[in-house]
Amino acid sequence: MSHGPAAAPVPHPSRAATPDVEGVVERDGVRIAYAVHERAGAPTVVLVPTWAIVPSRFWKAQVGYLARHFRVVTFDGRGSGASSRPEGAAAYTDTEYAADVLAVLDATGTDAAVLVSLSCGAAWAVHVAARHPSRVLGLVAIAPSCGMNVPTPGRDHVPWDEPLDSTQGWATYNKHYWLGGGYDDFVEFFFGRMFSEPHSTKQVEDCVAWAHEITPQVLVDSTAGRLGCDGAVCESIEPLARAVRCPVLVVHGSDDRIRPLAFGERLAELTRGELVVLDGAGHGPPARDPVRVNHLIREFTERVAPTPRPASRRTWTHAARRTPRVLYLSSPIGLGHAQRDVAIAAALREARPDVQVDWLAQHPVTRVLAQHGERVHPASAWLRNESGHIEHEAGEHDLHAFGAVRRMDEILVNNFMVFADVVADGEYDLVVGDEAWDVDHHLHENPELKRFSFAWLTDFVGWLPMPDGGAREAALTADYNAEMIEQRARFARVRDRSVFVGSLDDVVDVPFGPGLPSIRSWTADNYDFAGYVTGFDAGAAAAGAADVRASLGVRDDERLCVVTVGGSGVGAPLLRRVLDAVPAARAMVPDLRFVVVAGPRIDPASLPVPDGATVLGYVPDLYRLSAACDVAVVQGGLTTCMELTALRKPFVYVPLRHHFEQTYHVRARLDRYGAGRHLPYVDALDPDGLAEAVAKEAAREVAYRPVETDGAARAAAMLAGLV
């Protein structure tokens with residue numbers, strides 16, 4: 001057995017956690033890739049591979065949370081991920097997989113660990129626990145599926161290794177069908193059954209994609225090894241299960257359509273373990289019910305492998321004497337939420353001077369909070385950055401917003417688990433979530449975790465498909481909307497207040513999807529309306545405009561064009577397009593000066609600076625600069641556009657391609673206010689065309705609908721009664 005060189009990996013912006021070490025251990029010519037998340041002094045949890053059809057990435061919703069509490073080891077089982085794909089059934093027997101577990105324990109310097117398994121992995125964990133008891137502190141077996149004499153109606157009568165006439169249902173679970181071109185059909189069937197719960201489109205999609213990282217032959221070999229076909233030797237795990245002496249937790253769904261609950265009951269009986277039944281759950285609880293599974297794993301590990309803790313002191317205060325405490329969560333995707341949330345928090349303090357506000361926040365929101373002297377909860381350091389994921393997903397002025405949020409699932413789970421730890425002690429009276437999608441979704445999935453008043457804020461309602469997404473995207477967005485509608489109908493108590501930042505007429509009047517209600521009518525029934533929250537005093541900003549212009553060196557006989565793209569790095573291509581158009585624009589309007597704001601996540605030094613332009617980095621209170629401009633060019637984000645609308649400034653806005661919110665929700669609101677000039681990005685590619693749009697807008701006399709000035713106070717009044 002040999003070890004490959006261990007390396008410190010580069011953080012991935014879309015991952016919930018970055019391992020401290022990645023390495024490879026080689027055993028009998030088979031290379032097994034592993035990763036270690038170190039945590040000094042904590043017990044080790046090993047997330048055991050499952051069937052070769054998925055890699056260790058299947059555990060993505062567990063790793064981030066568990067790595068905050070334990071040392072965590074993951075590895076790709078032979079036949080999957082970055083590990084070798086040996087040939088032949090004999091390479092994939094239970095004993096080979098069990099030996100790989102031991103090899104990884106040795107390679108990572110792990111004396112003993114809690115083994116957490118799913119499906120087939122339970123057999124391998126049992127092998128290790130029975131034959132090497134000193135290496136196993138405890139077993140968590142989720143949806144155990146193999147090696148026991150338990151009937152499975154519907155699939156037991158279908159032979160795996162004989163040619164079949166039928167290609168329906170479990171007949172697709174067949175060696176000859178996979179090798180004969182039916183692999184794709186089987187994968188769709190299998191994962192459709194694995195996730196029997198409604199609204200499991202993302203989990204199915206992930207697993208189908210992983211299944212196509214291997215060949216049908218690899219799945220044939222790994223299945224034959226497990227079943228004892230093609231020359232492999234298979235043994236029942238029942239005698240081994242009886243020999244297990246460590247603590248065992250078995251978790252099984254009552255609606256498991258791959259292996260019935262009887263499998264979990266049998267393993268718990270044989271090992272004298274504890275059985276937790278997840279009523280209504282299917283065969284993939286770690287992916288479909290990650291919050292509950294994460295808590296079960298943590299509770300079990302702390303019970304069987306307690307870690308000595310230093311002496312601590314806690315103080316309990318009688319409820320009537322406690323300082324009212326608010327935990328505020330503000331979406332980090334851009335800076336607009338932060339500006340309005342700081343204003344709402346200030347108005348809340350005016351209404352309730354005794355309130356203490358803490359923020360669970362990420363960059364770039366933390367820049368705004370620091371500027372205003374707000375208190376950021378130290379647990380914020382455990383949050384994974386959502387803006388980094390969004391930037392990773394973006395192309396050239398192109399962000400498929402729905403898809404990006406959908407692919408942010410593991411980050412959202414991780415961040416919710418941070419939130420759940422923060423509020424577990426019950427010290428917060430009110431949680432305010434401004435588009436905190438993780439908290440809203442997972443609280444509805446786990447309403448028993450709510451120990452506080454919860455207020456939800458948003459400035460749009462409803463996921464909408466882009467036209468080129470076709471029928472698939474239309475179905476996915478409708479499914480997400482339907483899930484939200486069902487959650488709200490079933491668990492209305494989760495949100496104590498739903499606040500729309502705007503007016504009812506700002507809500508688009510289209511259906512959530514086929515057979516679903518109108519977004520506007522549903523929102524009218526389920527939300528209160530605060531009016532728009534600008535977060536600043538437009539009159540005071542206008543009064544200071546001359547000083548801002550003077551600080552930039554803009555003369556009275558010059559006109560100023562401000563260019564800004566918000567708080568993320570997604571807008572860098574638009575900044576470059578505008579800078580390319582500066583010479584043409586100045587040829588049309590000779591007195592026009594440009595100030596380009598790169599923001600907190602774009603390096604100003606990376607941008608060209610033509611004559612007549614100035615490039616700035618992060619600008620606190622950007623609205624002051626907007627108040628000083630004569631015209632602006634912006635991305636299609638709501639906050640910046642509405643700031644310019646409130647300040648009555650002409651502006652050109654260029655929505656990100658495939659960004660449904662900017663394309664539909666923001667544009668509909670701006671049309672209602674009569675504000676801005678919409679410019680598709682394709683038209684901004686031509687410097688002369690972009691320059692002409694800026695020149696025309698600079699000459700425009702605006703007549704916008706007035707923007708509300710009391711939105712922050714109205715929103716705060718809705719929150720004050722919940723503290």
# chains A, B, ... in the order shown; residues from 1 in each chain; ligands from 1
>>> residues_around(residues="Asp509 in chain A", least_positions_apart="5", cutoff="9 Å", atoms="only C-alpha atoms", output="PyMOL selection string")
chain A and resi 518-521
>>> closest_atom_pairs(of="range 3-58 of chain A", to="range 73-96 of chain A", cutoff="8 Å", atoms="only C-alpha atoms", output="tab-separated table")
residue	atom	partner	partner_atom	distance
A:Val30	CA	A:Ser84	CA	5.6
A:Arg31	CA	A:Ser84	CA	5.2
A:Ile32	CA	A:Ser83	CA	4.7
A:Ala33	CA	A:Ser83	CA	5.2
A:Tyr34	CA	A:Phe75	CA	4.0
A:Ala35	CA	A:Thr74	CA	5.4
A:Val36	CA	A:Val73	CA	4.6
A:His37	CA	A:Val73	CA	6.3
A:Thr44	CA	A:Val73	CA	7.2
A:Val45	CA	A:Val73	CA	6.3
A:Val46	CA	A:Val73	CA	4.7
A:Leu47	CA	A:Thr74	CA	5.2
A:Val48	CA	A:Thr74	CA	6.8
A:Pro49	CA	A:Gly77	CA	5.2
A:Thr50	CA	A:Gly77	CA	7.3
A:Trp51	CA	A:Gly77	CA	7.9
A:Ala52	CA	A:Ser80	CA	5.2
A:Ile53	CA	A:Ser80	CA	6.9
A:Val54	CA	A:Ser80	CA	6.4
A:Pro55	CA	A:Gly81	CA	4.8
A:Ser56	CA	A:Asp76	CA	5.0
>>> write_last_selection(atoms="N, CA and C atoms", output="mmCIF file, in the first residue's frame")
data_model
loop_
_atom_site.group_PDB
_atom_site.id
_atom_site.type_symbol
_atom_site.label_atom_id
_atom_site.label_comp_id
_atom_site.auth_asym_id
_atom_site.auth_seq_id
_atom_site.Cartn_x
_atom_site.Cartn_y
_atom_site.Cartn_z
ATOM 1 N N VAL A 30 -4.953 -0.036 -6.955
ATOM 2 C CA VAL A 30 -6.140 0.811 -7.046
ATOM 3 C C VAL A 30 -5.908 2.079 -6.233
ATOM 4 N N ARG A 31 -6.053 3.221 -6.871
ATOM 5 C CA ARG A 31 -5.834 4.515 -6.221
ATOM 6 C C ARG A 31 -7.160 5.039 -5.660
ATOM 7 N N ILE A 32 -7.154 5.375 -4.386
ATOM 8 C CA ILE A 32 -8.342 5.883 -3.706
ATOM 9 C C ILE A 32 -8.068 7.330 -3.297
ATOM 10 N N ALA A 33 -8.873 8.254 -3.828
ATOM 11 C CA ALA A 33 -8.697 9.680 -3.550
ATOM 12 C C ALA A 33 -9.480 10.067 -2.303
ATOM 13 N N TYR A 34 -8.816 10.776 -1.396
ATOM 14 C CA TYR A 34 -9.463 11.165 -0.154
ATOM 15 C C TYR A 34 -9.260 12.653 0.133
ATOM 16 N N ALA A 35 -10.038 13.161 1.060
ATOM 17 C CA ALA A 35 -9.923 14.550 1.502
ATOM 18 C C ALA A 35 -10.136 14.596 3.007
ATOM 19 N N VAL A 36 -9.414 15.498 3.672
ATOM 20 C CA VAL A 36 -9.494 15.618 5.124
ATOM 21 C C VAL A 36 -9.791 17.060 5.499
ATOM 22 N N HIS A 37 -10.789 17.227 6.337
ATOM 23 C CA HIS A 37 -11.089 18.514 6.951
ATOM 24 C C HIS A 37 -10.646 18.411 8.404
ATOM 25 N N THR A 44 -13.149 11.943 14.678
ATOM 26 C CA THR A 44 -13.201 11.887 13.215
ATOM 27 C C THR A 44 -14.494 11.224 12.756
ATOM 28 N N VAL A 45 -15.112 11.840 11.776
ATOM 29 C CA VAL A 45 -16.262 11.269 11.092
ATOM 30 C C VAL A 45 -15.834 10.929 9.669
ATOM 31 N N VAL A 46 -16.004 9.685 9.272
ATOM 32 C CA VAL A 46 -15.698 9.267 7.905
ATOM 33 C C VAL A 46 -17.012 9.064 7.163
ATOM 34 N N LEU A 47 -17.166 9.790 6.080
ATOM 35 C CA LEU A 47 -18.351 9.647 5.232
ATOM 36 C C LEU A 47 -18.021 8.587 4.177
ATOM 37 N N VAL A 48 -18.556 7.406 4.389
ATOM 38 C CA VAL A 48 -18.219 6.222 3.589
ATOM 39 C C VAL A 48 -18.865 6.328 2.213
ATOM 40 N N PRO A 49 -18.178 5.860 1.166
ATOM 41 C CA PRO A 49 -18.799 5.868 -0.163
ATOM 42 C C PRO A 49 -20.047 5.001 -0.210
ATOM 43 N N THR A 50 -20.854 5.268 -1.213
ATOM 44 C CA THR A 50 -22.003 4.415 -1.477
ATOM 45 C C THR A 50 -21.732 3.688 -2.792
ATOM 46 N N TRP A 51 -22.736 3.316 -3.506
ATOM 47 C CA TRP A 51 -22.578 2.631 -4.791
ATOM 48 C C TRP A 51 -21.725 3.480 -5.736
ATOM 49 N N ALA A 52 -21.038 2.835 -6.670
ATOM 50 C CA ALA A 52 -20.137 3.538 -7.587
ATOM 51 C C ALA A 52 -20.855 4.545 -8.471
ATOM 52 N N ILE A 53 -22.165 4.528 -8.470
ATOM 53 C CA ILE A 53 -22.924 5.412 -9.361
ATOM 54 C C ILE A 53 -22.820 6.870 -8.935
ATOM 55 N N VAL A 54 -22.398 7.129 -7.689
ATOM 56 C CA VAL A 54 -22.186 8.511 -7.241
ATOM 57 C C VAL A 54 -20.863 8.600 -6.490
ATOM 58 N N PRO A 55 -20.170 9.752 -6.563
ATOM 59 C CA PRO A 55 -18.909 9.943 -5.841
ATOM 60 C C PRO A 55 -19.166 10.504 -4.443
ATOM 61 N N SER A 56 -18.098 10.862 -3.754
ATOM 62 C CA SER A 56 -18.222 11.416 -2.406
ATOM 63 C C SER A 56 -18.899 12.782 -2.399
#
>>> residues_around(residues="Arg406 in chain A", least_positions_apart="6", cutoff="12 Å", atoms="only C-alpha atoms", output="list in words")
Ser14, Ser200, Thr201, Lys202, Gln203, Glu205, Asp206, Glu386, His389, Ile390, Glu393, His400, Leu412, Val413, Trp437, Asp438, Trp463, Glu473, Leu476, Thr477 and Tyr480 of chain A
>>> write_last_selection(atoms="N, CA, C and O atoms", output="compact mmCIF listing (two decimals), in the first residue's frame")
# COMPACT_ATOMS: atom_id res chain seq x y z
N SER A 14 -17.93 27.48 -5.18
CA SER A 14 -19.27 26.91 -5.08
C SER A 14 -19.35 25.73 -4.13
O SER A 14 -20.34 25.01 -4.11
N SER A 200 -38.03 17.21 -5.80
CA SER A 200 -36.65 16.72 -5.65
C SER A 200 -35.87 16.85 -6.96
O SER A 200 -34.94 16.09 -7.22
N THR A 201 -36.23 17.81 -7.78
CA THR A 201 -35.60 17.92 -9.11
C THR A 201 -34.10 18.13 -9.02
O THR A 201 -33.35 17.58 -9.83
N LYS A 202 -33.62 18.92 -8.06
CA LYS A 202 -32.18 19.19 -7.98
C LYS A 202 -31.41 17.95 -7.55
O LYS A 202 -30.33 17.65 -8.08
N GLN A 203 -31.93 17.21 -6.60
CA GLN A 203 -31.25 16.00 -6.14
C GLN A 203 -31.17 14.96 -7.26
O GLN A 203 -30.13 14.33 -7.46
N GLU A 205 -31.27 15.61 -10.48
CA GLU A 205 -30.37 16.15 -11.50
C GLU A 205 -28.91 15.92 -11.12
O GLU A 205 -28.08 15.53 -11.96
N ASP A 206 -28.55 16.18 -9.86
CA ASP A 206 -27.17 15.96 -9.41
C ASP A 206 -26.76 14.51 -9.61
O ASP A 206 -25.69 14.21 -10.16
N GLU A 386 -21.76 33.74 -0.78
CA GLU A 386 -22.70 33.56 -1.89
C GLU A 386 -22.30 34.40 -3.09
O GLU A 386 -22.51 34.01 -4.24
N HIS A 389 -19.87 32.56 -5.27
CA HIS A 389 -20.54 31.57 -6.11
C HIS A 389 -21.20 32.23 -7.31
O HIS A 389 -21.08 31.74 -8.45
N ILE A 390 -21.88 33.33 -7.08
CA ILE A 390 -22.56 34.03 -8.18
C ILE A 390 -21.55 34.48 -9.23
O ILE A 390 -21.78 34.35 -10.45
N GLU A 393 -20.45 31.66 -11.36
CA GLU A 393 -21.49 31.21 -12.29
C GLU A 393 -21.63 32.13 -13.50
O GLU A 393 -22.18 31.73 -14.52
N HIS A 400 -27.31 33.32 -15.28
CA HIS A 400 -28.57 32.61 -15.20
C HIS A 400 -28.94 32.55 -13.72
O HIS A 400 -28.54 31.63 -12.99
N LEU A 412 -26.14 27.06 0.61
CA LEU A 412 -27.32 27.45 1.37
C LEU A 412 -27.54 26.52 2.56
O LEU A 412 -27.92 26.97 3.65
N VAL A 413 -27.32 25.22 2.37
CA VAL A 413 -27.43 24.30 3.50
C VAL A 413 -26.40 24.65 4.57
O VAL A 413 -26.70 24.74 5.77
N TRP A 437 -32.59 33.23 1.52
CA TRP A 437 -33.27 32.09 0.94
C TRP A 437 -33.01 30.81 1.73
O TRP A 437 -33.89 29.94 1.85
N ASP A 438 -31.80 30.68 2.26
CA ASP A 438 -31.47 29.47 3.02
C ASP A 438 -32.34 29.34 4.26
O ASP A 438 -32.91 28.27 4.53
N TRP A 463 -40.13 32.77 -9.13
CA TRP A 463 -39.09 32.42 -10.08
C TRP A 463 -39.72 32.35 -11.47
O TRP A 463 -40.77 31.74 -11.65
N GLU A 473 -36.89 24.48 -18.28
CA GLU A 473 -36.76 25.58 -17.31
C GLU A 473 -38.12 26.05 -16.83
O GLU A 473 -38.30 26.38 -15.65
N LEU A 476 -39.12 23.60 -14.18
CA LEU A 476 -38.35 23.71 -12.94
C LEU A 476 -38.76 24.94 -12.13
O LEU A 476 -38.91 24.86 -10.90
N THR A 477 -38.90 26.08 -12.79
CA THR A 477 -39.30 27.28 -12.04
C THR A 477 -40.70 27.10 -11.45
O THR A 477 -40.96 27.51 -10.31
N TYR A 480 -40.41 24.97 -8.33
CA TYR A 480 -39.91 25.74 -7.19
C TYR A 480 -41.00 26.63 -6.63
O TYR A 480 -41.16 26.76 -5.40
>>> residues_around(residues="Ala343 in chain A", least_positions_apart="3", cutoff="12 Å", atoms="only C-alpha atoms", output="list in words")
Gly336, His337, Ala338, Gln339, Arg340, Ala346, Ala347, Leu348, Arg349, Glu350, Val368, Leu369, His372, Glu374, Tyr532, Val533, Thr534, Gly535, Phe536, Asp537, Asp621, Thr709, Asp710, Gly711, Ala712, Ala713, Arg714, Ala715 and Ala716 of chain A
>>> select_by_dssp(residues="range 670-699 of chain A", states="alpha helix (DSSP H)", output="PyMOL selection string")
chain A and resi 670-673+681-684+687-698
>>> closest_atom_pairs(of="range 319-397 of chain A", to="range 565-570 of chain A", cutoff="7 Å", atoms="only C-alpha atoms", output="Markdown table")
| residue | atom | partner | partner_atom | distance |
| --- | --- | --- | --- | --- |
| A:Ile333 | CA | A:Ser568 | CA | 6.6 |
| A:Gly334 | CA | A:Gly567 | CA | 4.2 |
| A:Leu335 | CA | A:Gly567 | CA | 5.0 |
| A:Pro364 | CA | A:Gly567 | CA | 6.6 |
| A:Ser387 | CA | A:Ser568 | CA | 6.2 |
| A:Glu391 | CA | A:Val570 | CA | 5.4 |
| A:Ala394 | CA | A:Val570 | CA | 6.3 |
| A:His397 | CA | A:Val570 | CA | 6.7 |
>>> residues_around(residues="Tyr173 in chain A", least_positions_apart="6", cutoff="10 Å", atoms="only C-alpha atoms", output="PDB file with N, CA, C and O atoms, in the first residue's frame")
ATOM      1  N   ARG A 155     -38.859  -5.807  -7.051  1.00  0.00           N
ATOM      2  CA  ARG A 155     -37.573  -5.957  -7.732  1.00  0.00           C
ATOM      3  C   ARG A 155     -36.928  -7.320  -7.506  1.00  0.00           C
ATOM      4  O   ARG A 155     -36.037  -7.700  -8.259  1.00  0.00           O
ATOM      5  N   VAL A 158     -36.889  -9.815 -10.450  1.00  0.00           N
ATOM      6  CA  VAL A 158     -36.262  -9.392 -11.702  1.00  0.00           C
ATOM      7  C   VAL A 158     -34.780  -9.756 -11.662  1.00  0.00           C
ATOM      8  O   VAL A 158     -34.020  -9.192 -10.876  1.00  0.00           O
ATOM      9  N   PRO A 159     -34.314 -10.703 -12.477  1.00  0.00           N
ATOM     10  CA  PRO A 159     -32.897 -11.079 -12.461  1.00  0.00           C
ATOM     11  C   PRO A 159     -32.025  -9.967 -13.030  1.00  0.00           C
ATOM     12  O   PRO A 159     -32.376  -9.337 -14.035  1.00  0.00           O
ATOM     13  N   TRP A 160     -30.880  -9.754 -12.391  1.00  0.00           N
ATOM     14  CA  TRP A 160     -29.993  -8.679 -12.830  1.00  0.00           C
ATOM     15  C   TRP A 160     -29.091  -9.113 -13.977  1.00  0.00           C
ATOM     16  O   TRP A 160     -28.747  -8.301 -14.848  1.00  0.00           O
ATOM     17  N   ASP A 161     -28.697 -10.375 -13.995  1.00  0.00           N
ATOM     18  CA  ASP A 161     -27.673 -10.800 -14.946  1.00  0.00           C
ATOM     19  C   ASP A 161     -28.199 -11.688 -16.067  1.00  0.00           C
ATOM     20  O   ASP A 161     -27.434 -12.392 -16.720  1.00  0.00           O
ATOM     21  N   THR A 167     -38.401  -3.680 -20.639  1.00  0.00           N
ATOM     22  CA  THR A 167     -37.499  -2.556 -20.346  1.00  0.00           C
ATOM     23  C   THR A 167     -38.236  -1.511 -19.514  1.00  0.00           C
ATOM     24  O   THR A 167     -37.979  -0.314 -19.616  1.00  0.00           O
ATOM     25  N   GLY A 182     -29.232   0.965 -22.649  1.00  0.00           N
ATOM     26  CA  GLY A 182     -30.316   1.429 -21.786  1.00  0.00           C
ATOM     27  C   GLY A 182     -29.868   2.103 -20.505  1.00  0.00           C
ATOM     28  O   GLY A 182     -30.684   2.351 -19.608  1.00  0.00           O
ATOM     29  N   TYR A 183     -28.562   2.417 -20.405  1.00  0.00           N
ATOM     30  CA  TYR A 183     -28.028   2.988 -19.161  1.00  0.00           C
ATOM     31  C   TYR A 183     -28.729   4.290 -18.788  1.00  0.00           C
ATOM     32  O   TYR A 183     -29.100   4.499 -17.620  1.00  0.00           O
ATOM     33  N   ASP A 185     -31.725   5.344 -19.520  1.00  0.00           N
ATOM     34  CA  ASP A 185     -33.080   5.071 -19.040  1.00  0.00           C
ATOM     35  C   ASP A 185     -33.055   4.580 -17.598  1.00  0.00           C
ATOM     36  O   ASP A 185     -33.875   4.990 -16.764  1.00  0.00           O
ATOM     37  N   PHE A 186     -32.112   3.679 -17.313  1.00  0.00           N
ATOM     38  CA  PHE A 186     -32.027   3.158 -15.951  1.00  0.00           C
ATOM     39  C   PHE A 186     -31.716   4.261 -14.947  1.00  0.00           C
ATOM     40  O   PHE A 186     -32.325   4.333 -13.874  1.00  0.00           O
ATOM     41  N   VAL A 187     -30.752   5.104 -15.284  1.00  0.00           N
ATOM     42  CA  VAL A 187     -30.348   6.176 -14.359  1.00  0.00           C
ATOM     43  C   VAL A 187     -31.531   7.077 -14.031  1.00  0.00           C
ATOM     44  O   VAL A 187     -31.763   7.432 -12.865  1.00  0.00           O
ATOM     45  N   PHE A 189     -34.711   6.300 -14.216  1.00  0.00           N
ATOM     46  CA  PHE A 189     -35.665   5.531 -13.418  1.00  0.00           C
ATOM     47  C   PHE A 189     -35.191   5.402 -11.973  1.00  0.00           C
ATOM     48  O   PHE A 189     -35.955   5.642 -11.028  1.00  0.00           O
ATOM     49  N   PHE A 190     -33.940   5.031 -11.799  1.00  0.00           N
ATOM     50  CA  PHE A 190     -33.438   4.736 -10.460  1.00  0.00           C
ATOM     51  C   PHE A 190     -33.489   5.962  -9.551  1.00  0.00           C
ATOM     52  O   PHE A 190     -33.983   5.893  -8.419  1.00  0.00           O
TER      53      PHE A 190
END
>>> decode(residues="range 441-457 of chain A", atoms="N, CA and C atoms", output="PDB file, in the first residue's frame")
ATOM      1  N   HIS A 441     -36.265  28.781   3.347  1.00  0.00           N
ATOM      2  CA  HIS A 441     -36.570  27.443   2.820  1.00  0.00           C
ATOM      3  C   HIS A 441     -36.431  26.372   3.891  1.00  0.00           C
ATOM      4  N   HIS A 442     -35.301  26.365   4.585  1.00  0.00           N
ATOM      5  CA  HIS A 442     -35.045  25.270   5.515  1.00  0.00           C
ATOM      6  C   HIS A 442     -35.845  25.396   6.804  1.00  0.00           C
ATOM      7  N   LEU A 443     -36.282  26.591   7.166  1.00  0.00           N
ATOM      8  CA  LEU A 443     -37.218  26.692   8.289  1.00  0.00           C
ATOM      9  C   LEU A 443     -38.568  26.082   7.921  1.00  0.00           C
ATOM     10  N   HIS A 444     -38.998  26.281   6.696  1.00  0.00           N
ATOM     11  CA  HIS A 444     -40.245  25.637   6.266  1.00  0.00           C
ATOM     12  C   HIS A 444     -40.087  24.124   6.182  1.00  0.00           C
ATOM     13  N   GLU A 445     -38.885  23.646   5.847  1.00  0.00           N
ATOM     14  CA  GLU A 445     -38.625  22.214   5.807  1.00  0.00           C
ATOM     15  C   GLU A 445     -38.480  21.627   7.217  1.00  0.00           C
ATOM     16  N   ASN A 446     -38.057  22.473   8.162  1.00  0.00           N
ATOM     17  CA  ASN A 446     -37.812  22.025   9.539  1.00  0.00           C
ATOM     18  C   ASN A 446     -38.432  23.016  10.521  1.00  0.00           C
ATOM     19  N   PRO A 447     -39.752  23.160  10.512  1.00  0.00           N
ATOM     20  CA  PRO A 447     -40.393  24.210  11.322  1.00  0.00           C
ATOM     21  C   PRO A 447     -40.190  24.033  12.819  1.00  0.00           C
ATOM     22  N   GLU A 448     -39.830  22.828  13.254  1.00  0.00           N
ATOM     23  CA  GLU A 448     -39.609  22.607  14.683  1.00  0.00           C
ATOM     24  C   GLU A 448     -38.401  23.375  15.207  1.00  0.00           C
ATOM     25  N   LEU A 449     -37.546  23.891  14.305  1.00  0.00           N
ATOM     26  CA  LEU A 449     -36.360  24.645  14.728  1.00  0.00           C
ATOM     27  C   LEU A 449     -36.663  26.109  15.010  1.00  0.00           C
ATOM     28  N   LYS A 450     -37.858  26.545  14.729  1.00  0.00           N
ATOM     29  CA  LYS A 450     -38.214  27.960  14.928  1.00  0.00           C
ATOM     30  C   LYS A 450     -38.491  28.219  16.404  1.00  0.00           C
ATOM     31  N   ARG A 451     -37.658  29.078  17.013  1.00  0.00           N
ATOM     32  CA  ARG A 451     -37.808  29.444  18.418  1.00  0.00           C
ATOM     33  C   ARG A 451     -37.821  30.962  18.571  1.00  0.00           C
ATOM     34  N   PHE A 452     -38.312  31.672  17.591  1.00  0.00           N
ATOM     35  CA  PHE A 452     -38.224  33.127  17.538  1.00  0.00           C
ATOM     36  C   PHE A 452     -39.289  33.620  16.572  1.00  0.00           C
ATOM     37  N   SER A 453     -39.571  34.891  16.614  1.00  0.00           N
ATOM     38  CA  SER A 453     -40.393  35.481  15.562  1.00  0.00           C
ATOM     39  C   SER A 453     -39.536  35.589  14.303  1.00  0.00           C
ATOM     40  N   PHE A 454     -40.166  35.406  13.158  1.00  0.00           N
ATOM     41  CA  PHE A 454     -39.426  35.447  11.896  1.00  0.00           C
ATOM     42  C   PHE A 454     -40.133  36.356  10.916  1.00  0.00           C
ATOM     43  N   ALA A 455     -39.394  37.340  10.420  1.00  0.00           N
ATOM     44  CA  ALA A 455     -39.917  38.259   9.402  1.00  0.00           C
ATOM     45  C   ALA A 455     -39.119  38.083   8.120  1.00  0.00           C
ATOM     46  N   TRP A 456     -39.825  37.951   7.034  1.00  0.00           N
ATOM     47  CA  TRP A 456     -39.225  37.727   5.708  1.00  0.00           C
ATOM     48  C   TRP A 456     -39.431  38.974   4.866  1.00  0.00           C
ATOM     49  N   LEU A 457     -38.357  39.470   4.256  1.00  0.00           N
ATOM     50  CA  LEU A 457     -38.419  40.639   3.383  1.00  0.00           C
ATOM     51  C   LEU A 457     -37.951  40.238   1.994  1.00  0.00           C
TER      52      LEU A 457
END
